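What follows is the content of final-v4.txt, which has compact mmCIF, C-alpha atoms:
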```
# COMPACT_ATOMS: atom_id res chain seq x y z
CA MET A 737 62.41 102.82 92.07
CA ARG A 738 61.62 104.24 95.51
CA ASP A 739 62.72 102.78 98.84
CA ASN A 740 59.32 101.25 99.55
CA ASP A 741 58.86 99.70 96.11
CA PRO A 742 59.43 95.95 95.65
CA VAL A 743 62.99 94.99 94.78
CA THR A 744 63.10 94.09 91.13
CA SER A 745 65.13 91.49 89.28
CA ALA A 746 66.73 91.86 85.87
CA THR A 747 67.12 88.11 85.29
CA ARG A 748 64.78 86.51 87.80
CA GLN A 749 63.81 82.91 87.17
CA PRO A 750 60.66 81.60 88.89
CA ASP A 751 61.31 79.63 92.06
CA THR A 752 64.98 78.86 91.51
CA ALA A 753 66.63 76.51 94.01
CA ALA A 754 68.44 79.41 95.70
CA GLU A 755 65.22 81.35 96.19
CA THR A 756 63.57 78.45 97.98
CA LEU A 757 66.40 78.16 100.52
CA PRO A 758 66.48 80.52 103.51
CA PRO A 759 69.64 82.66 103.39
CA ARG A 760 72.35 81.87 105.92
CA LEU A 761 74.90 84.52 104.92
CA ILE A 762 74.81 88.03 103.47
CA ALA A 763 77.94 89.17 101.64
CA THR A 764 78.05 92.89 100.94
CA ASP A 765 80.53 95.20 99.33
CA LEU A 766 81.09 98.53 101.10
CA ASP A 767 81.89 101.55 98.89
CA GLY A 768 79.06 102.31 96.50
CA THR A 769 77.01 99.49 98.04
CA LEU A 770 76.50 99.38 101.81
CA LEU A 771 78.03 102.83 102.41
CA ARG A 772 76.44 106.03 101.21
CA ASP A 773 78.55 108.33 99.06
CA ASP A 774 79.66 110.24 102.17
CA LYS A 775 81.06 106.90 103.50
CA SER A 776 78.47 106.72 106.28
CA VAL A 777 76.35 103.75 107.32
CA SER A 778 72.78 104.98 107.55
CA PRO A 779 70.65 104.29 110.64
CA ARG A 780 68.34 102.19 108.48
CA THR A 781 71.26 100.06 107.32
CA VAL A 782 72.62 99.68 110.86
CA ALA A 783 69.20 98.44 111.97
CA ALA A 784 68.94 96.04 109.01
CA LEU A 785 72.37 94.51 109.71
CA ALA A 786 71.47 93.97 113.36
CA ALA A 787 68.13 92.44 112.38
CA ALA A 788 69.83 90.02 109.99
CA GLU A 789 72.25 88.80 112.67
CA GLU A 790 69.40 88.50 115.18
CA ALA A 791 67.52 86.36 112.64
CA GLY A 792 70.51 84.03 112.40
CA ILE A 793 71.88 85.34 109.09
CA GLU A 794 75.64 86.01 109.18
CA VAL A 795 76.88 89.22 107.57
CA PHE A 796 80.25 89.39 105.83
CA PHE A 797 81.71 92.69 104.66
CA VAL A 798 83.54 91.87 101.40
CA THR A 799 85.57 94.81 100.13
CA GLY A 800 88.55 95.98 98.16
CA ARG A 801 89.58 98.11 101.14
CA PRO A 802 92.64 97.22 103.20
CA ALA A 803 92.12 96.19 106.83
CA ARG A 804 93.25 99.58 108.14
CA TRP A 805 90.35 101.26 106.31
CA MET A 806 87.70 99.14 108.03
CA ASP A 807 87.04 101.55 110.90
CA VAL A 808 84.01 102.79 108.99
CA VAL A 809 82.14 99.54 109.80
CA SER A 810 83.96 98.28 112.90
CA ASP A 811 81.14 99.54 115.11
CA HIS A 812 78.58 97.54 113.14
CA VAL A 813 80.03 94.02 113.27
CA HIS A 814 78.04 91.35 115.00
CA GLY A 815 78.64 87.70 115.80
CA HIS A 816 81.82 86.53 114.06
CA GLY A 817 83.09 90.03 113.23
CA LEU A 818 85.00 88.90 110.15
CA ALA A 819 85.57 90.83 106.92
CA ILE A 820 87.12 89.91 103.58
CA CYS A 821 89.50 92.70 102.57
CA GLY A 822 91.72 93.52 99.60
CA ASN A 823 89.39 91.84 97.08
CA GLY A 824 89.84 88.49 98.78
CA ALA A 825 93.52 88.80 99.69
CA ALA A 826 92.82 88.78 103.45
CA VAL A 827 90.23 87.68 105.99
CA VAL A 828 90.32 90.04 108.97
CA ASP A 829 88.89 89.84 112.48
CA LEU A 830 87.40 93.26 113.30
CA HIS A 831 86.45 92.47 116.90
CA GLY A 832 89.35 94.34 118.47
CA GLY A 833 88.29 97.66 117.00
CA PRO A 834 90.36 100.30 115.15
CA GLY A 835 94.08 99.60 115.10
CA THR A 836 93.80 96.06 116.49
CA HIS A 837 92.42 94.14 113.52
CA LYS A 838 93.89 90.64 113.19
CA PHE A 839 94.60 88.78 109.97
CA VAL A 840 92.89 85.39 110.01
CA LYS A 841 93.82 84.38 106.45
CA VAL A 842 96.22 85.90 103.91
CA ARG A 843 96.25 85.01 100.21
CA GLU A 844 99.27 86.94 99.04
CA LEU A 845 100.47 87.99 95.63
CA GLU A 846 103.88 86.39 95.18
CA ARG A 847 106.52 88.99 94.41
CA GLU A 848 107.64 87.18 91.27
CA ASN A 849 104.09 87.36 89.92
CA ALA A 850 103.80 90.99 90.98
CA LEU A 851 107.01 91.92 89.19
CA ASP A 852 105.85 90.08 86.06
CA ALA A 853 102.53 91.96 86.17
CA VAL A 854 104.32 95.31 86.53
CA ARG A 855 106.61 94.55 83.59
CA LEU A 856 103.88 93.20 81.31
CA LEU A 857 101.53 96.10 81.97
CA ARG A 858 104.29 98.72 81.58
CA ASP A 859 105.00 97.25 78.15
CA ALA A 860 101.33 97.17 77.17
CA ALA A 861 100.42 100.58 78.62
CA PRO A 862 103.39 102.97 78.88
CA GLY A 863 102.78 105.61 81.51
CA THR A 864 101.25 103.22 84.06
CA VAL A 865 102.31 103.98 87.64
CA TYR A 866 102.07 101.67 90.64
CA ALA A 867 101.48 101.35 94.36
CA VAL A 868 102.02 98.27 96.53
CA GLU A 869 99.53 97.25 99.22
CA GLN A 870 100.96 94.96 101.90
CA THR A 871 99.43 93.59 105.09
CA TYR A 872 100.53 96.58 107.14
CA GLY A 873 102.30 98.94 104.74
CA PHE A 874 101.52 101.02 101.68
CA TYR A 875 104.26 101.97 99.19
CA GLN A 876 104.11 103.81 95.89
CA GLU A 877 106.03 105.21 92.96
CA PRO A 878 106.70 108.97 93.08
CA ALA A 879 104.40 109.65 90.11
CA TYR A 880 101.47 107.71 91.59
CA PRO A 881 98.67 110.24 92.28
CA LYS A 882 97.15 111.01 95.67
CA LEU A 883 94.20 108.66 95.29
CA HIS A 884 94.10 107.28 98.81
CA MET A 885 93.48 108.54 102.33
CA GLU A 886 97.01 108.04 103.61
CA ILE A 887 100.66 108.97 103.21
CA PRO A 888 102.79 106.18 101.71
CA ASP A 889 105.38 104.55 103.94
CA CYS A 890 107.99 104.70 101.19
CA LEU A 891 108.49 106.00 97.64
CA GLY A 892 110.37 104.21 94.89
CA PRO A 893 110.08 102.34 91.59
CA ALA A 894 107.73 99.35 91.77
CA GLU A 895 110.58 97.02 90.86
CA GLU A 896 112.46 98.25 93.93
CA LEU A 897 109.41 98.18 96.23
CA LEU A 898 108.79 94.56 95.24
CA GLY A 899 112.45 93.55 95.27
CA PRO A 900 114.10 91.12 97.72
CA ASP A 901 116.15 93.87 99.35
CA HIS A 902 113.26 96.19 100.19
CA ARG A 903 112.76 96.87 103.90
CA ALA A 904 109.31 95.25 103.82
CA ALA A 905 110.33 92.24 101.72
CA ALA A 906 109.25 89.81 104.47
CA GLU A 907 105.73 91.28 104.61
CA PRO A 908 103.09 89.69 102.32
CA VAL A 909 101.93 91.66 99.29
CA LEU A 910 98.13 91.72 99.12
CA LYS A 911 97.78 93.55 95.82
CA ILE A 912 99.39 96.09 93.56
CA LEU A 913 97.54 99.12 92.25
CA ALA A 914 98.07 100.32 88.69
CA TYR A 915 96.98 103.77 87.54
CA HIS A 916 96.97 105.29 84.06
CA PRO A 917 96.19 108.99 83.56
CA GLU A 918 94.71 108.69 80.06
CA ILE A 919 93.21 105.29 79.22
CA ASP A 920 89.48 104.69 79.70
CA PRO A 921 88.89 102.62 82.88
CA ASP A 922 87.13 99.68 81.20
CA ALA A 923 89.58 99.67 78.30
CA PHE A 924 92.48 99.69 80.77
CA LEU A 925 90.99 96.70 82.59
CA THR A 926 90.59 94.71 79.37
CA LEU A 927 94.09 95.60 78.21
CA ALA A 928 95.63 94.61 81.58
CA ARG A 929 93.84 91.27 81.72
CA LEU A 930 95.09 90.41 78.25
CA ALA A 931 98.64 91.55 79.00
CA ILE A 932 99.02 89.89 82.42
CA GLY A 933 97.13 86.69 81.67
CA ASP A 934 97.25 84.07 84.40
CA ARG A 935 100.13 85.68 86.30
CA ALA A 936 97.66 87.59 88.47
CA ASN A 937 93.98 88.46 88.87
CA VAL A 938 93.07 91.95 87.64
CA THR A 939 89.95 93.91 88.50
CA ARG A 940 88.80 97.42 89.38
CA SER A 941 86.48 99.17 91.84
CA SER A 942 87.32 102.82 91.20
CA PRO A 943 85.58 105.10 88.68
CA SER A 944 89.06 106.20 87.59
CA SER A 945 91.60 104.19 85.60
CA LEU A 946 92.87 102.41 88.71
CA LEU A 947 93.33 98.65 88.59
CA GLU A 948 93.75 96.23 91.50
CA ILE A 949 96.03 93.26 90.87
CA SER A 950 95.92 90.23 93.20
CA GLY A 951 97.32 86.71 93.23
CA PRO A 952 96.11 84.20 90.61
CA GLY A 953 92.63 83.00 91.52
CA VAL A 954 92.28 85.49 94.37
CA SER A 955 88.97 87.32 94.29
CA LYS A 956 86.10 88.25 96.54
CA ALA A 957 84.26 85.18 95.28
CA SER A 958 87.01 82.62 95.84
CA THR A 959 87.77 83.79 99.39
CA LEU A 960 84.08 84.01 100.24
CA ALA A 961 83.67 80.44 98.96
CA LEU A 962 86.48 79.29 101.28
CA CYS A 963 84.88 81.02 104.27
CA CYS A 964 81.47 79.55 103.47
CA ALA A 965 82.90 76.04 103.05
CA GLU A 966 84.46 76.31 106.52
CA ARG A 967 80.98 77.07 107.89
CA GLY A 968 79.12 74.45 105.90
CA ILE A 969 77.26 77.13 103.94
CA SER A 970 76.47 76.46 100.27
CA HIS A 971 76.52 79.15 97.62
CA GLU A 972 72.75 78.76 97.27
CA GLU A 973 72.42 80.03 100.85
CA VAL A 974 74.37 83.25 100.17
CA VAL A 975 72.89 86.62 99.22
CA ALA A 976 75.43 89.09 97.77
CA PHE A 977 75.44 92.80 96.96
CA GLY A 978 77.81 94.87 94.80
CA ASP A 979 78.26 97.73 92.36
CA MET A 980 81.61 97.46 90.53
CA PRO A 981 83.56 94.96 88.37
CA ASN A 982 85.42 93.57 91.41
CA ASP A 983 82.03 92.28 92.61
CA VAL A 984 81.08 90.41 89.44
CA GLU A 985 82.51 86.99 90.38
CA MET A 986 80.95 87.16 93.85
CA LEU A 987 77.54 88.07 92.45
CA THR A 988 77.73 85.27 89.91
CA TRP A 989 78.75 82.73 92.58
CA ALA A 990 76.10 83.59 95.16
CA GLY A 991 72.71 81.91 95.03
CA ARG A 992 70.98 85.30 95.07
CA SER A 993 72.67 88.55 94.18
CA TYR A 994 71.71 92.18 93.81
CA ALA A 995 73.25 94.94 91.74
CA MET A 996 72.84 98.38 93.24
CA GLY A 997 70.84 101.01 91.41
CA ASN A 998 74.14 102.82 90.82
CA ALA A 999 75.98 99.69 89.59
CA HIS A 1000 78.34 99.28 86.64
CA PRO A 1001 76.65 97.64 83.59
CA ASP A 1002 78.74 94.46 84.01
CA VAL A 1003 77.46 94.12 87.57
CA ILE A 1004 73.84 94.53 86.49
CA ALA A 1005 74.37 91.79 83.90
CA ALA A 1006 75.97 89.44 86.46
CA ALA A 1007 73.45 89.81 89.30
CA SER A 1008 70.21 87.85 89.58
CA GLY A 1009 68.35 90.90 90.92
CA ARG A 1010 68.59 94.64 91.38
CA THR A 1011 67.91 96.98 94.27
CA VAL A 1012 67.93 100.76 94.69
CA ALA A 1013 71.11 102.84 94.90
CA ASN A 1014 73.50 102.97 97.85
CA ASN A 1015 72.28 106.45 98.81
CA GLU A 1016 68.77 105.02 99.03
CA ASP A 1017 69.84 102.18 101.37
CA GLY A 1018 69.48 99.49 98.71
CA VAL A 1019 71.12 96.79 100.84
CA ALA A 1020 68.82 97.52 103.77
CA VAL A 1021 65.77 97.35 101.48
CA VAL A 1022 66.60 93.75 100.56
CA ILE A 1023 67.69 92.68 104.06
CA GLU A 1024 64.41 93.92 105.50
CA GLN A 1025 62.53 91.73 103.02
CA LEU A 1026 64.76 88.71 103.77
CA VAL A 1027 64.20 89.08 107.50
CA ALA A 1028 60.44 89.52 107.01
CA GLU A 1029 60.34 86.28 105.01
CA ARG A 1030 61.80 84.38 107.96
CA VAL A 1031 59.14 85.53 110.41
```

Have the structure of the file written as structure tokens, please.
Amino acid sequence: MRDNDPVTSATRQPDTAAETLPPRLIATDLDGTLLRDDKSVSPRTVAALAAAEEAGIEVFFVTGRPARWMDVVSDHVHGHGLAICGNGAAVVDLHGGPGTHKFVKVRELERENALDAVRLLRDAAPGTVYAVEQTYGFYQEPAYPKLHMEIPDCLGPAEELLGPDHRAAAEPVLKILAYHPEIDPDAFLTLARLAIGDRANVTRSSPSSLLEISGPGVSKASTLALCCAERGISHEEVVAFGDMPNDVEMLTWAGRSYAMGNAHPDVIAAASGRTVANNEDGVAVVIEQLVAERV
């Protein structure tokens, strides 16, 4: 489908309640969704985001990224300037610009739950290695690969990094990252969810076998629902975009949702519609149509 073709829907129902309501909030993932593969925000997308805000539609960036990786969109926030980071583990105010982001809400992973998750997944998948994402720090095991754009603050076994005597023990844990060098990514996700159960929420956004483990019930969807409730916005008034399994709950919850042309099969199945790929400005294509409908 080309940029100027109509946006299609895989599971569109005629005149659903959500489609008859004007959207009040757009919730969009970043990597593989709003951002192009080179991590840029295209001029067309910048213009579409500004047009949405000007039309009275709030825009929330909803991402697995930590707050310190939000510089890529800090120049494009409008109005409230809030973002949901860490797959729902934190709501962050981006107004201050790079290096001055403020945490508005933190939904931490309790260390006891994190330690249980580490133990249970080690037993189920020997060879798993871990990193710990906290509000301001990043810590990892020595064998954890260089998957991220930063140098860890400290190396050590996960049990030590999450222990009560660690130097950052007073700082909230947002999520733990679990990597396996051999297991298929989707198989690893299924295995981890079965092994960890209700001790934590497990998802993934990477094409590699890298899992993201958050507190029980913490997801993009649940934190977005909290933010919308605070604003008196119903789920029917939300339009969401995503491409990977960590977006599935959000796409299912939103009144209207779009899987990117490059999306994972589970995302395509969960969304009510589909747009073109991130490199073709799929989010902008839909936003332009939404704004045109309000004129």

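In this structure, CA of Leu947 in chain A sits 25.1 Å away from CA of Cys963 in chain A.
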
Between A:Leu960, A:Ile793, A:Val1021, A:Ala990, which has the minimum distance to Glu972 in chain A (counting only C-alpha atoms)?
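Looking at the shortest contact to Glu972 in chain A, the residue is A:Ala990.
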
List as a PyMOL selection string the protein and nucleic acid residues near range 769-778 of chain A, meaning an atom at most 6 Å away when all atoms listed in the file are counted, but skip any in the same chain fewer than 6 places from it.
chain A and resi 978+1014-1015

Might you pull out every residue within 7 Å of Ser941 in chain A, with all atoms listed in the file counted and same-chain residues fewer than 4 positions away left off, and present them as a ChimeraX atom specification?
/A:980-982

Pick the closest to Val974 in chain A from A:Leu757, A:Ala928, A:Leu845, A:Leu897: which is it, counting all atoms listed in the file?
A:Leu757

Among listed residues A:Glu918, A:Glu886, A:Asp859, A:Asp852, nearest Gly899 in chain A (using all atoms listed in the file):
A:Asp852

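With only C-alpha atoms as the atoms that count, the residue of A:His1000, A:Arg780, A:Arg1010, A:Arg855 with the shortest distance to Phe977 in chain A is A:Arg1010.
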
In Å, how far is it from CA of Gly1009 in chain A to CA of Ala976 in chain A?
10.0 Å

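Between Gly800 in chain A and the residues A:Leu927, A:Ala819, A:Ala995, A:Leu962, the shortest atom-to-atom distance, using all atoms listed in the file, involves A:Ala819.
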
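Closest to Tyr915 in chain A among A:Lys841, A:Lys882, A:Lys956, A:Arg801 is A:Lys882, based on only C-alpha atoms.
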
Nearby residues (only C-alpha atoms) at most 10 Å from Leu925 in chain A, same-chain spacing under 2 positions excluded, as a PyMOL selection string
chain A and resi 919-923+927-931+938-940+945-948+981

For the atom pair CA of Leu910 in chain A and CA of Asp934 in chain A, what is the interatomic distance in Å to one decimal place?
16.6 Å

Reconstruct N, CA and C atoms of range 778-810 of chain A from the incomplete input and present them as a PDB file, in the coordinates of the input.
```pdb
ATOM      1  N   SER A 778      74.007 104.332 107.116  1.00  0.00           N
ATOM      2  CA  SER A 778      72.780 104.980 107.550  1.00  0.00           C
ATOM      3  C   SER A 778      72.145 104.251 108.727  1.00  0.00           C
ATOM      4  N   PRO A 779      71.357 104.958 109.537  1.00  0.00           N
ATOM      5  CA  PRO A 779      70.650 104.290 110.640  1.00  0.00           C
ATOM      6  C   PRO A 779      69.783 103.127 110.168  1.00  0.00           C
ATOM      7  N   ARG A 780      69.160 103.287 109.008  1.00  0.00           N
ATOM      8  CA  ARG A 780      68.340 102.190 108.480  1.00  0.00           C
ATOM      9  C   ARG A 780      69.188 100.963 108.192  1.00  0.00           C
ATOM     10  N   THR A 781      70.379 101.174 107.629  1.00  0.00           N
ATOM     11  CA  THR A 781      71.260 100.060 107.320  1.00  0.00           C
ATOM     12  C   THR A 781      71.801  99.411 108.586  1.00  0.00           C
ATOM     13  N   VAL A 782      72.165 100.218 109.572  1.00  0.00           N
ATOM     14  CA  VAL A 782      72.620  99.680 110.860  1.00  0.00           C
ATOM     15  C   VAL A 782      71.549  98.766 111.450  1.00  0.00           C
ATOM     16  N   ALA A 783      70.306  99.222 111.425  1.00  0.00           N
ATOM     17  CA  ALA A 783      69.200  98.440 111.970  1.00  0.00           C
ATOM     18  C   ALA A 783      68.987  97.153 111.179  1.00  0.00           C
ATOM     19  N   ALA A 784      69.132  97.218 109.852  1.00  0.00           N
ATOM     20  CA  ALA A 784      68.940  96.040 109.010  1.00  0.00           C
ATOM     21  C   ALA A 784      70.029  94.997 109.263  1.00  0.00           C
ATOM     22  N   LEU A 785      71.273  95.439 109.413  1.00  0.00           N
ATOM     23  CA  LEU A 785      72.370  94.510 109.710  1.00  0.00           C
ATOM     24  C   LEU A 785      72.141  93.807 111.037  1.00  0.00           C
ATOM     25  N   ALA A 786      71.729  94.558 112.039  1.00  0.00           N
ATOM     26  CA  ALA A 786      71.470  93.970 113.360  1.00  0.00           C
ATOM     27  C   ALA A 786      70.306  92.986 113.281  1.00  0.00           C
ATOM     28  N   ALA A 787      69.283  93.322 112.508  1.00  0.00           N
ATOM     29  CA  ALA A 787      68.130  92.440 112.380  1.00  0.00           C
ATOM     30  C   ALA A 787      68.503  91.132 111.684  1.00  0.00           C
ATOM     31  N   ALA A 788      69.391  91.219 110.698  1.00  0.00           N
ATOM     32  CA  ALA A 788      69.830  90.020 109.990  1.00  0.00           C
ATOM     33  C   ALA A 788      70.568  89.077 110.953  1.00  0.00           C
ATOM     34  N   GLU A 789      71.497  89.619 111.713  1.00  0.00           N
ATOM     35  CA  GLU A 789      72.250  88.800 112.670  1.00  0.00           C
ATOM     36  C   GLU A 789      71.310  88.203 113.716  1.00  0.00           C
ATOM     37  N   GLU A 790      70.349  88.987 114.173  1.00  0.00           N
ATOM     38  CA  GLU A 790      69.400  88.500 115.180  1.00  0.00           C
ATOM     39  C   GLU A 790      68.547  87.370 114.610  1.00  0.00           C
ATOM     40  N   ALA A 791      68.300  87.411 113.301  1.00  0.00           N
ATOM     41  CA  ALA A 791      67.520  86.360 112.640  1.00  0.00           C
ATOM     42  C   ALA A 791      68.355  85.140 112.301  1.00  0.00           C
ATOM     43  N   GLY A 792      69.641  85.172 112.659  1.00  0.00           N
ATOM     44  CA  GLY A 792      70.510  84.030 112.400  1.00  0.00           C
ATOM     45  C   GLY A 792      71.195  84.050 111.057  1.00  0.00           C
ATOM     46  N   ILE A 793      71.205  85.207 110.384  1.00  0.00           N
ATOM     47  CA  ILE A 793      71.880  85.340 109.090  1.00  0.00           C
ATOM     48  C   ILE A 793      73.222  86.046 109.320  1.00  0.00           C
ATOM     49  N   GLU A 794      74.330  85.381 109.020  1.00  0.00           N
ATOM     50  CA  GLU A 794      75.640  86.010 109.180  1.00  0.00           C
ATOM     51  C   GLU A 794      75.823  87.116 108.139  1.00  0.00           C
ATOM     52  N   VAL A 795      76.575  88.133 108.495  1.00  0.00           N
ATOM     53  CA  VAL A 795      76.880  89.220 107.570  1.00  0.00           C
ATOM     54  C   VAL A 795      78.392  89.312 107.400  1.00  0.00           C
ATOM     55  N   PHE A 796      78.842  89.223 106.161  1.00  0.00           N
ATOM     56  CA  PHE A 796      80.250  89.390 105.830  1.00  0.00           C
ATOM     57  C   PHE A 796      80.416  90.686 105.031  1.00  0.00           C
ATOM     58  N   PHE A 797      81.316  91.553 105.474  1.00  0.00           N
ATOM     59  CA  PHE A 797      81.710  92.690 104.660  1.00  0.00           C
ATOM     60  C   PHE A 797      82.801  92.184 103.707  1.00  0.00           C
ATOM     61  N   VAL A 798      82.611  92.381 102.405  1.00  0.00           N
ATOM     62  CA  VAL A 798      83.540  91.870 101.400  1.00  0.00           C
ATOM     63  C   VAL A 798      83.949  93.059 100.528  1.00  0.00           C
ATOM     64  N   THR A 799      85.175  93.519 100.674  1.00  0.00           N
ATOM     65  CA  THR A 799      85.570  94.810 100.130  1.00  0.00           C
ATOM     66  C   THR A 799      86.954  94.790  99.505  1.00  0.00           C
ATOM     67  N   GLY A 800      87.210  95.782  98.676  1.00  0.00           N
ATOM     68  CA  GLY A 800      88.550  95.980  98.160  1.00  0.00           C
ATOM     69  C   GLY A 800      89.428  96.749  99.130  1.00  0.00           C
ATOM     70  N   ARG A 801      88.832  97.314 100.158  1.00  0.00           N
ATOM     71  CA  ARG A 801      89.580  98.110 101.140  1.00  0.00           C
ATOM     72  C   ARG A 801      90.613  97.275 101.888  1.00  0.00           C
ATOM     73  N   PRO A 802      91.720  97.899 102.297  1.00  0.00           N
ATOM     74  CA  PRO A 802      92.640  97.220 103.200  1.00  0.00           C
ATOM     75  C   PRO A 802      92.070  97.190 104.615  1.00  0.00           C
ATOM     76  N   ALA A 803      92.634  96.348 105.457  1.00  0.00           N
ATOM     77  CA  ALA A 803      92.120  96.190 106.830  1.00  0.00           C
ATOM     78  C   ALA A 803      92.123  97.516 107.587  1.00  0.00           C
ATOM     79  N   ARG A 804      93.134  98.342 107.358  1.00  0.00           N
ATOM     80  CA  ARG A 804      93.250  99.580 108.140  1.00  0.00           C
ATOM     81  C   ARG A 804      92.194 100.616 107.757  1.00  0.00           C
ATOM     82  N   TRP A 805      91.435 100.360 106.693  1.00  0.00           N
ATOM     83  CA  TRP A 805      90.350 101.260 106.310  1.00  0.00           C
ATOM     84  C   TRP A 805      88.980 100.741 106.751  1.00  0.00           C
ATOM     85  N   MET A 806      88.961  99.770 107.645  1.00  0.00           N
ATOM     86  CA  MET A 806      87.700  99.140 108.030  1.00  0.00           C
ATOM     87  C   MET A 806      87.044  99.794 109.247  1.00  0.00           C
ATOM     88  N   ASP A 807      87.627 100.868 109.749  1.00  0.00           N
ATOM     89  CA  ASP A 807      87.040 101.550 110.900  1.00  0.00           C
ATOM     90  C   ASP A 807      85.610 102.007 110.619  1.00  0.00           C
ATOM     91  N   VAL A 808      85.314 102.270 109.359  1.00  0.00           N
ATOM     92  CA  VAL A 808      84.010 102.790 108.990  1.00  0.00           C
ATOM     93  C   VAL A 808      82.876 101.825 109.347  1.00  0.00           C
ATOM     94  N   VAL A 809      83.183 100.513 109.445  1.00  0.00           N
ATOM     95  CA  VAL A 809      82.140  99.540 109.800  1.00  0.00           C
ATOM     96  C   VAL A 809      82.465  98.747 111.060  1.00  0.00           C
ATOM     97  N   SER A 810      83.576  99.048 111.722  1.00  0.00           N
ATOM     98  CA  SER A 810      83.960  98.280 112.900  1.00  0.00           C
ATOM     99  C   SER A 810      82.906  98.322 113.999  1.00  0.00           C
TER     100      SER A 810
END
```
